[in-house]
file start-v6.tsv (TSV, N, CA and C atoms)
chain	number	residue	atom	x	y	z
A	1	MET	N	-23.80	-18.85	24.30
A	1	MET	CA	-24.86	-18.74	23.33
A	1	MET	C	-24.45	-17.82	22.17
A	2	PHE	N	-23.87	-16.66	22.51
A	2	PHE	CA	-23.47	-15.73	21.46
A	2	PHE	C	-22.00	-15.84	21.10
A	3	ARG	N	-21.27	-16.70	21.78
A	3	ARG	CA	-19.83	-16.79	21.53
A	3	ARG	C	-19.51	-17.26	20.12
A	4	ARG	N	-20.21	-18.26	19.66
A	4	ARG	CA	-19.90	-18.80	18.34
A	4	ARG	C	-20.16	-17.78	17.22
A	5	PRO	N	-21.29	-17.09	17.16
A	5	PRO	CA	-21.49	-16.09	16.09
A	5	PRO	C	-20.45	-14.96	16.15
A	6	ILE	N	-20.07	-14.55	17.34
A	6	ILE	CA	-19.08	-13.49	17.47
A	6	ILE	C	-17.72	-14.00	16.97
A	7	ALA	N	-17.36	-15.22	17.33
A	7	ALA	CA	-16.09	-15.79	16.89
A	7	ALA	C	-16.07	-15.93	15.36
A	8	VAL	N	-17.17	-16.35	14.78
A	8	VAL	CA	-17.25	-16.50	13.33
A	8	VAL	C	-17.09	-15.13	12.66
A	9	ALA	N	-17.75	-14.11	13.20
A	9	ALA	CA	-17.66	-12.77	12.63
A	9	ALA	C	-16.24	-12.23	12.73
A	10	LEU	N	-15.58	-12.42	13.86
A	10	LEU	CA	-14.20	-11.95	14.01
A	10	LEU	C	-13.25	-12.69	13.08
A	11	PHE	N	-13.46	-13.98	12.93
A	11	PHE	CA	-12.63	-14.78	12.05
A	11	PHE	C	-12.79	-14.32	10.60
A	12	ALA	N	-13.99	-13.91	10.22
A	12	ALA	CA	-14.24	-13.44	8.85
A	12	ALA	C	-13.53	-12.10	8.60
A	13	LEU	N	-13.34	-11.30	9.63
A	13	LEU	CA	-12.70	-9.99	9.48
A	13	LEU	C	-11.18	-10.07	9.49
A	14	LEU	N	-10.62	-11.20	9.86
A	14	LEU	CA	-9.17	-11.34	9.97
A	14	LEU	C	-8.43	-11.01	8.67
A	15	PRO	N	-8.86	-11.47	7.50
A	15	PRO	CA	-8.13	-11.10	6.27
A	15	PRO	C	-8.15	-9.60	6.00
A	16	LEU	N	-9.24	-8.92	6.34
A	16	LEU	CA	-9.31	-7.47	6.15
A	16	LEU	C	-8.31	-6.75	7.04
A	17	ALA	N	-8.13	-7.21	8.24
A	17	ALA	CA	-7.16	-6.59	9.16
A	17	ALA	C	-5.74	-6.77	8.64
A	18	ALA	N	-5.45	-7.91	8.05
A	18	ALA	CA	-4.11	-8.14	7.52
A	18	ALA	C	-3.83	-7.22	6.34
A	19	GLU	N	-4.84	-6.96	5.48
A	19	GLU	CA	-4.64	-6.06	4.35
A	19	GLU	C	-4.49	-4.62	4.81
A	20	ALA	N	-5.12	-4.24	5.91
A	20	ALA	CA	-5.09	-2.86	6.37
A	20	ALA	C	-3.80	-2.51	7.10
A	21	THR	N	-2.99	-3.49	7.42
A	21	THR	CA	-1.74	-3.23	8.13
A	21	THR	C	-0.77	-2.52	7.20
A	22	PRO	N	-0.37	-1.28	7.53
A	22	PRO	CA	0.53	-0.55	6.64
A	22	PRO	C	1.95	-1.09	6.70
A	23	ARG	N	2.65	-0.95	5.61
A	23	ARG	CA	4.06	-1.31	5.60
A	23	ARG	C	4.81	-0.29	6.44
A	24	LEU	N	5.93	-0.68	6.97
A	24	LEU	CA	6.73	0.18	7.85
A	24	LEU	C	7.09	1.50	7.18
A	25	GLU	N	7.46	1.46	5.89
A	25	GLU	CA	7.85	2.68	5.21
A	25	GLU	C	6.69	3.63	4.98
A	26	GLN	N	5.46	3.13	5.06
A	26	GLN	CA	4.30	4.01	4.95
A	26	GLN	C	4.13	4.85	6.21
A	27	VAL	N	4.47	4.28	7.33
A	27	VAL	CA	4.33	4.99	8.61
A	27	VAL	C	5.57	5.82	8.91
A	28	TYR	N	6.74	5.28	8.60
A	28	TYR	CA	8.01	5.96	8.88
A	28	TYR	C	8.86	6.01	7.60
A	29	PRO	N	8.57	6.95	6.68
A	29	PRO	CA	9.33	6.99	5.44
A	29	PRO	C	10.84	7.16	5.65
A	30	ALA	N	11.24	7.81	6.74
A	30	ALA	CA	12.67	8.04	6.97
A	30	ALA	C	13.42	6.72	7.17
A	31	LEU	N	12.76	5.70	7.71
A	31	LEU	CA	13.42	4.41	7.90
A	31	LEU	C	13.69	3.72	6.57
A	32	ALA	N	12.88	4.03	5.56
A	32	ALA	CA	13.03	3.39	4.26
A	32	ALA	C	13.91	4.20	3.31
A	33	ALA	N	14.32	5.40	3.72
A	33	ALA	CA	15.12	6.25	2.84
A	33	ALA	C	16.44	5.55	2.50
A	34	ALA	N	16.84	5.68	1.25
A	34	ALA	CA	18.03	4.99	0.78
A	34	ALA	C	19.32	5.64	1.25
A	35	ASN	N	19.26	6.96	1.53
A	35	ASN	CA	20.48	7.66	1.93
A	35	ASN	C	20.14	8.90	2.75
A	36	ALA	N	21.16	9.58	3.22
A	36	ALA	CA	20.97	10.75	4.08
A	36	ALA	C	20.27	11.88	3.34
A	37	THR	N	20.52	12.03	2.06
A	37	THR	CA	19.86	13.09	1.28
A	37	THR	C	18.36	12.86	1.27
A	38	GLU	N	17.94	11.63	1.03
A	38	GLU	CA	16.51	11.34	1.02
A	38	GLU	C	15.88	11.59	2.39
A	39	ARG	N	16.57	11.21	3.46
A	39	ARG	CA	16.03	11.46	4.80
A	39	ARG	C	15.89	12.95	5.06
A	40	ALA	N	16.82	13.75	4.55
A	40	ALA	CA	16.82	15.18	4.81
A	40	ALA	C	15.73	15.93	4.04
A	41	ILE	N	15.25	15.39	2.93
A	41	ILE	CA	14.29	16.13	2.13
A	41	ILE	C	12.84	15.67	2.30
A	42	LEU	N	12.58	14.71	3.15
A	42	LEU	CA	11.20	14.27	3.38
A	42	LEU	C	10.36	15.45	3.87
A	43	PHE	N	9.05	15.36	3.70
A	43	PHE	CA	8.17	16.43	4.14
A	43	PHE	C	8.35	16.67	5.63
A	44	THR	N	8.64	17.91	6.00
A	44	THR	CA	8.76	18.28	7.41
A	44	THR	C	7.40	18.78	7.89
A	45	GLY	N	7.30	19.04	9.16
A	45	GLY	CA	6.07	19.61	9.71
A	45	GLY	C	5.76	20.95	9.06
A	46	TYR	N	6.81	21.76	8.83
A	46	TYR	CA	6.60	23.06	8.17
A	46	TYR	C	6.07	22.85	6.75
A	47	ASP	N	6.68	21.92	6.01
A	47	ASP	CA	6.23	21.65	4.64
A	47	ASP	C	4.77	21.23	4.62
A	48	ARG	N	4.43	20.32	5.51
A	48	ARG	CA	3.05	19.82	5.56
A	48	ARG	C	2.06	20.93	5.89
A	49	GLN	N	2.43	21.79	6.82
A	49	GLN	CA	1.55	22.89	7.19
A	49	GLN	C	1.41	23.89	6.04
A	50	ALA	N	2.51	24.22	5.38
A	50	ALA	CA	2.47	25.18	4.27
A	50	ALA	C	1.63	24.65	3.11
A	51	ILE	N	1.80	23.38	2.78
A	51	ILE	CA	1.05	22.79	1.67
A	51	ILE	C	-0.43	22.71	2.01
A	52	ASP	N	-0.75	22.26	3.22
A	52	ASP	CA	-2.14	22.15	3.64
A	52	ASP	C	-2.81	23.53	3.67
A	53	THR	N	-2.13	24.52	4.22
A	53	THR	CA	-2.68	25.88	4.28
A	53	THR	C	-2.91	26.43	2.88
A	54	PHE	N	-1.97	26.21	1.98
A	54	PHE	CA	-2.10	26.71	0.61
A	54	PHE	C	-3.37	26.17	-0.04
A	55	PHE	N	-3.58	24.86	0.03
A	55	PHE	CA	-4.74	24.28	-0.63
A	55	PHE	C	-6.04	24.58	0.10
A	56	ARG	N	-5.99	24.80	1.40
A	56	ARG	CA	-7.21	25.20	2.12
A	56	ARG	C	-7.65	26.59	1.68
A	57	LYS	N	-6.69	27.50	1.52
A	57	LYS	CA	-7.03	28.87	1.12
A	57	LYS	C	-7.43	28.96	-0.34
A	58	ARG	N	-6.79	28.20	-1.21
A	58	ARG	CA	-7.04	28.30	-2.64
A	58	ARG	C	-8.20	27.44	-3.10
A	59	GLY	N	-8.67	26.54	-2.25
A	59	GLY	CA	-9.74	25.64	-2.67
A	59	GLY	C	-9.23	24.63	-3.66
A	60	SER	N	-10.00	24.34	-4.67
A	60	SER	CA	-9.64	23.32	-5.65
A	60	SER	C	-8.49	23.80	-6.52
A	61	TYR	N	-7.56	22.92	-6.79
A	61	TYR	CA	-6.41	23.24	-7.65
A	61	TYR	C	-6.80	23.20	-9.12
A	62	GLY	N	-7.82	22.45	-9.43
A	62	GLY	CA	-8.25	22.33	-10.82
A	62	GLY	C	-9.32	21.27	-10.93
A	63	THR	N	-10.06	21.31	-12.02
A	63	THR	CA	-11.15	20.36	-12.17
A	63	THR	C	-10.65	18.97	-12.55
A	64	GLU	N	-9.44	18.89	-13.12
A	64	GLU	CA	-8.98	17.58	-13.58
A	64	GLU	C	-8.78	16.59	-12.43
A	65	GLN	N	-8.46	17.07	-11.21
A	65	GLN	CA	-8.27	16.16	-10.09
A	65	GLN	C	-9.59	15.48	-9.71
A	66	LYS	N	-10.70	16.17	-9.85
A	66	LYS	CA	-11.98	15.59	-9.45
A	66	LYS	C	-12.48	14.56	-10.45
A	67	GLN	N	-11.95	14.59	-11.67
A	67	GLN	CA	-12.42	13.69	-12.70
A	67	GLN	C	-11.51	12.47	-12.86
A	68	LEU	N	-10.50	12.35	-12.03
A	68	LEU	CA	-9.60	11.21	-12.15
A	68	LEU	C	-10.30	9.92	-11.78
A	69	PRO	N	-10.04	8.83	-12.51
A	69	PRO	CA	-10.62	7.55	-12.13
A	69	PRO	C	-9.98	7.04	-10.84
A	70	ARG	N	-10.70	6.18	-10.16
A	70	ARG	CA	-10.14	5.59	-8.94
A	70	ARG	C	-8.91	4.79	-9.31
A	71	ARG	N	-7.90	4.86	-8.46
A	71	ARG	CA	-6.65	4.17	-8.73
A	71	ARG	C	-6.17	3.51	-7.45
A	72	GLU	N	-5.21	2.65	-7.62
A	72	GLU	CA	-4.58	2.03	-6.45
A	72	GLU	C	-3.85	3.12	-5.68
A	73	PRO	N	-3.84	3.05	-4.36
A	73	PRO	CA	-3.14	4.07	-3.59
A	73	PRO	C	-1.63	4.03	-3.85
A	74	LEU	N	-1.03	5.20	-3.84
A	74	LEU	CA	0.41	5.28	-4.00
A	74	LEU	C	1.09	4.81	-2.72
A	75	LEU	N	2.24	4.18	-2.85
A	75	LEU	CA	2.97	3.68	-1.71
A	75	LEU	C	4.40	4.20	-1.73
A	76	VAL	N	4.91	4.52	-0.55
A	76	VAL	CA	6.29	4.97	-0.41
A	76	VAL	C	7.22	3.82	-0.82
A	77	ARG	N	8.29	4.18	-1.51
A	77	ARG	CA	9.33	3.28	-2.03
A	77	ARG	C	8.88	2.49	-3.25
A	78	ASP	N	7.66	2.73	-3.74
A	78	ASP	CA	7.23	2.14	-5.00
A	78	ASP	C	7.51	3.14	-6.12
A	79	ARG	N	7.52	2.64	-7.32
A	79	ARG	CA	7.70	3.54	-8.46
A	79	ARG	C	6.35	4.17	-8.81
A	80	LEU	N	6.40	5.39	-9.31
A	80	LEU	CA	5.19	6.07	-9.76
A	80	LEU	C	4.65	5.33	-10.97
A	81	PRO	N	3.35	4.99	-10.98
A	81	PRO	CA	2.80	4.29	-12.15
A	81	PRO	C	3.00	5.12	-13.42
A	82	GLU	N	3.22	4.46	-14.55
A	82	GLU	CA	3.56	5.15	-15.80
A	82	GLU	C	2.43	6.01	-16.34
A	83	LYS	N	1.21	5.56	-16.24
A	83	LYS	CA	0.10	6.26	-16.90
A	83	LYS	C	-0.65	7.22	-15.97
A	84	VAL	N	-0.08	7.54	-14.83
A	84	VAL	CA	-0.75	8.43	-13.90
A	84	VAL	C	-0.44	9.89	-14.29
A	85	ALA	N	-1.45	10.76	-14.17
A	85	ALA	CA	-1.27	12.18	-14.48
A	85	ALA	C	-0.50	12.86	-13.35
A	86	VAL	N	0.55	13.58	-13.71
A	86	VAL	CA	1.41	14.26	-12.74
A	86	VAL	C	1.38	15.75	-13.06
A	87	TYR	N	1.14	16.58	-12.03
A	87	TYR	CA	1.10	18.03	-12.19
A	87	TYR	C	2.15	18.66	-11.29
A	88	PRO	N	2.78	19.74	-11.74
A	88	PRO	CA	3.74	20.43	-10.87
A	88	PRO	C	3.01	21.19	-9.77
A	89	LEU	N	3.72	21.45	-8.68
A	89	LEU	CA	3.16	22.30	-7.64
A	89	LEU	C	3.00	23.71	-8.19
A	90	PRO	N	1.98	24.44	-7.75
A	90	PRO	CA	1.87	25.85	-8.18
A	90	PRO	C	3.14	26.61	-7.78
A	91	PRO	N	3.63	27.50	-8.64
A	91	PRO	CA	4.88	28.22	-8.35
A	91	PRO	C	4.85	28.99	-7.03
A	92	THR	N	3.69	29.56	-6.66
A	92	THR	CA	3.62	30.30	-5.40
A	92	THR	C	3.82	29.38	-4.21
A	93	LEU	N	3.32	28.16	-4.28
A	93	LEU	CA	3.52	27.20	-3.21
A	93	LEU	C	4.95	26.68	-3.22
A	94	ASP	N	5.46	26.36	-4.39
A	94	ASP	CA	6.81	25.81	-4.50
A	94	ASP	C	7.86	26.80	-3.97
A	95	SER	N	7.61	28.09	-4.15
A	95	SER	CA	8.57	29.10	-3.67
A	95	SER	C	8.55	29.22	-2.15
A	96	GLN	N	7.49	28.77	-1.50
A	96	GLN	CA	7.40	28.82	-0.03
A	96	GLN	C	8.16	27.67	0.63
A	97	LEU	N	8.45	26.62	-0.13
A	97	LEU	CA	9.09	25.43	0.41
A	97	LEU	C	10.59	25.46	0.17
A	98	PRO	N	11.36	24.80	1.02
A	98	PRO	CA	12.81	24.77	0.81
A	98	PRO	C	13.16	24.09	-0.52
A	99	PRO	N	14.21	24.57	-1.18
A	99	PRO	CA	14.59	23.94	-2.46
A	99	PRO	C	15.07	22.51	-2.25
A	100	LEU	N	14.86	21.70	-3.27
A	100	LEU	CA	15.27	20.30	-3.23
A	100	LEU	C	16.56	20.13	-4.04
A	101	PRO	N	17.36	19.11	-3.70
A	101	PRO	CA	18.55	18.83	-4.51
A	101	PRO	C	18.14	18.44	-5.93
A	102	ARG	N	19.07	18.57	-6.85
A	102	ARG	CA	18.82	18.19	-8.24
A	102	ARG	C	18.39	16.72	-8.31
A	103	GLY	N	17.39	16.47	-9.12
A	103	GLY	CA	16.92	15.10	-9.31
A	103	GLY	C	15.72	14.74	-8.46
A	104	TYR	N	15.29	15.64	-7.57
A	104	TYR	CA	14.13	15.39	-6.72
A	104	TYR	C	13.08	16.45	-7.01
A	105	GLY	N	11.81	16.12	-6.78
A	105	GLY	CA	10.75	17.08	-7.03
A	105	GLY	C	9.50	16.77	-6.24
A	106	ARG	N	8.70	17.82	-6.05
A	106	ARG	CA	7.38	17.68	-5.43
A	106	ARG	C	6.35	17.84	-6.54
A	107	VAL	N	5.43	16.89	-6.64
A	107	VAL	CA	4.41	16.92	-7.68
A	107	VAL	C	3.05	16.59	-7.10
A	108	ILE	N	2.02	16.89	-7.87
A	108	ILE	CA	0.64	16.55	-7.49
A	108	ILE	C	0.21	15.35	-8.32
A	109	VAL	N	-0.28	14.34	-7.64
A	109	VAL	CA	-0.82	13.14	-8.29
A	109	VAL	C	-2.20	12.92	-7.71
A	110	GLY	N	-3.23	13.22	-8.50
A	110	GLY	CA	-4.59	13.12	-7.99
A	110	GLY	C	-4.80	14.14	-6.89
A	111	ARG	N	-5.12	13.68	-5.70
A	111	ARG	CA	-5.31	14.58	-4.55
A	111	ARG	C	-4.13	14.53	-3.59
A	112	ASP	N	-3.06	13.83	-3.99
A	112	ASP	CA	-1.88	13.68	-3.15
A	112	ASP	C	-0.75	14.58	-3.63
A	113	VAL	N	0.08	15.02	-2.69
A	113	VAL	CA	1.33	15.70	-3.03
A	113	VAL	C	2.43	14.69	-2.74
A	114	VAL	N	3.28	14.48	-3.74
A	114	VAL	CA	4.27	13.40	-3.69
A	114	VAL	C	5.67	13.98	-3.82
A	115	LEU	N	6.58	13.49	-2.98
A	115	LEU	CA	8.00	13.79	-3.10
A	115	LEU	C	8.61	12.65	-3.91
A	116	LEU	N	9.27	13.01	-5.01
A	116	LEU	CA	9.64	12.03	-6.02
A	116	LEU	C	11.12	12.12	-6.37
A	117	ASP	N	11.76	10.97	-6.50
A	117	ASP	CA	13.09	10.90	-7.08
A	117	ASP	C	12.86	10.82	-8.59
A	118	ARG	N	13.14	11.89	-9.29
A	118	ARG	CA	12.79	11.98	-10.71
A	118	ARG	C	13.58	11.00	-11.58
A	119	ARG	N	14.78	10.64	-11.16
A	119	ARG	CA	15.60	9.73	-11.98
A	119	ARG	C	14.99	8.34	-12.03
A	120	SER	N	14.58	7.84	-10.89
A	120	SER	CA	14.05	6.48	-10.84
A	120	SER	C	12.53	6.44	-10.71
A	121	GLN	N	11.89	7.62	-10.60
A	121	GLN	CA	10.44	7.72	-10.42
A	121	GLN	C	9.98	7.01	-9.14
A	122	THR	N	10.84	7.00	-8.13
A	122	THR	CA	10.52	6.38	-6.85
A	122	THR	C	9.86	7.39	-5.93
A	123	ILE	N	8.78	6.97	-5.28
A	123	ILE	CA	8.06	7.83	-4.35
A	123	ILE	C	8.78	7.79	-3.00
A	124	LEU	N	9.17	8.96	-2.49
A	124	LEU	CA	9.89	9.03	-1.23
A	124	LEU	C	8.99	9.38	-0.06
A	125	ASP	N	7.98	10.22	-0.30
A	125	ASP	CA	7.07	10.62	0.77
A	125	ASP	C	5.77	11.07	0.12
A	126	ILE	N	4.67	10.97	0.87
A	126	ILE	CA	3.35	11.31	0.34
A	126	ILE	C	2.56	12.10	1.37
A	127	MET	N	1.91	13.16	0.92
A	127	MET	CA	0.89	13.84	1.71
A	127	MET	C	-0.45	13.49	1.04
A	128	ARG	N	-1.23	12.69	1.72
A	128	ARG	CA	-2.45	12.17	1.13
A	128	ARG	C	-3.64	13.12	1.28
A	129	GLU	N	-4.46	13.16	0.22
A	129	GLU	CA	-5.74	13.87	0.21
A	129	GLU	C	-5.61	15.34	0.63
A	130	VAL	N	-4.55	16.01	0.23
A	130	VAL	CA	-4.35	17.39	0.62
A	130	VAL	C	-4.85	18.38	-0.44
A	131	VAL	N	-4.87	17.96	-1.70
A	131	VAL	CA	-5.36	18.82	-2.78
A	131	VAL	C	-6.87	18.73	-2.78
A	132	ARG	N	-7.50	19.87	-2.66
A	132	ARG	CA	-8.97	19.88	-2.54
A	132	ARG	C	-9.62	20.28	-3.84
call {"tool": "encode", "arguments": {"input": "start-v6.tsv", "output": "structure tokens"}}
result
Amino acid sequence: MFRRPIAVALFALLPLAAEATPRLEQVYPALAAANATERAILFTGYDRQAIDTFFRKRGSYGTEQKQLPRREPLLVRDRLPEKVAVYPLPPTLDSQLPPLPRGYGRVIVGRDVVLLDRRSQTILDIMREVVR
């Protein structure tokens, strides 16, 4: 009696489940890294904890992040969109993190902290929704 409505409802949700499936590099950025240098500089547990603690203690980084329009989510191994606002990490936070090789940088994009290959503008790793 209820089998058909349940089957119809599940069938309607199938396209949503396919869209929600993350790409492999989103879950395991190290597998998508182009070389050993990129694998070595991805956000470590220490980096993630230091960045999260910094923004928890400092509260909001600035009012401009709250006024940003909604945008497509950033994806690992994609290029940074051209018209997106990019802010440097605060110097006090950047000094707590290990230095990066030349050509790489950590930046703030909206509420995310992004590890970026500056030459190609390729996103290597993302800490989502960490800037408050």
call {"tool": "atom_distance", "arguments": {"input": "start-v6.tsv", "atom1": "atom N of A:Ala85", "atom2": "atom N of A:Val130"}}
result
15.6 Å
call {"tool": "atom_distance", "arguments": {"input": "start-v6.tsv", "atom1": "atom CA of A:Gln49", "atom2": "atom N of A:Val84"}}
result
26.9 Å
call {"tool": "closest_residue", "arguments": {"input": "start-v6.tsv", "among": "A:Arg48, A:Arg56, A:Asp78, A:Gln96", "to": "A:Val113", "atoms": "only C-alpha atoms"}}
result
A:Arg48
call {"tool": "atom_distance", "arguments": {"input": "start-v6.tsv", "atom1": "atom N of A:Leu93", "atom2": "atom N of A:Arg58"}}
result
10.6 Å
call {"tool": "residues_around", "arguments": {"input": "start-v6.tsv", "residues": "A:Val86", "least_positions_apart": "6", "cutoff": "6.5 Å", "atoms": "all atoms listed in the file", "output": "PDB file with N, CA and C atoms, keeping the file's coordinate frame"}}
result
ATOM      1  N   VAL A 107       5.430  16.890  -6.640  1.00  0.00           N
ATOM      2  CA  VAL A 107       4.410  16.920  -7.680  1.00  0.00           C
ATOM      3  C   VAL A 107       3.050  16.590  -7.100  1.00  0.00           C
ATOM      4  N   ILE A 108       2.020  16.890  -7.870  1.00  0.00           N
ATOM      5  CA  ILE A 108       0.640  16.550  -7.490  1.00  0.00           C
ATOM      6  C   ILE A 108       0.210  15.350  -8.320  1.00  0.00           C
ATOM      7  N   VAL A 109      -0.280  14.340  -7.640  1.00  0.00           N
ATOM      8  CA  VAL A 109      -0.820  13.140  -8.290  1.00  0.00           C
ATOM      9  C   VAL A 109      -2.200  12.920  -7.710  1.00  0.00           C
ATOM     10  N   GLY A 110      -3.230  13.220  -8.500  1.00  0.00           N
ATOM     11  CA  GLY A 110      -4.590  13.120  -7.990  1.00  0.00           C
ATOM     12  C   GLY A 110      -4.800  14.140  -6.890  1.00  0.00           C
TER      13      GLY A 110
END
call {"tool": "residues_near_point", "arguments": {"input": "start-v6.tsv", "point": "(13.5, 26.6, 1.5)", "cutoff": "12 Å", "atoms": "only C-alpha atoms", "output": "PyMOL selection string"}}
result
chain A and resi 41+43-44+46-47+50+93-101
call {"tool": "closest_residue", "arguments": {"input": "start-v6.tsv", "among": "A:Phe54, A:Glu38, A:Leu75, A:Met127", "to": "A:Gly103", "atoms": "only C-alpha atoms"}}
result
A:Glu38
call {"tool": "closest_residue", "arguments": {"input": "start-v6.tsv", "among": "A:Pro90, A:Pro73, A:Gly45, A:Pro29", "to": "A:Val131", "atoms": "only C-alpha atoms"}}
result
A:Pro90
call {"tool": "closest_residue", "arguments": {"input": "start-v6.tsv", "among": "A:Asp112, A:Asn35, A:Ala40, A:Arg132", "to": "A:Leu74", "atoms": "only C-alpha atoms"}}
result
A:Asp112
call {"tool": "select_by_dssp", "arguments": {"input": "start-v6.tsv", "residues": "stretch 59-132 of chain A", "states": "alpha helix (DSSP H)", "output": "PyMOL selection string"}}
result
chain A and resi 91-94
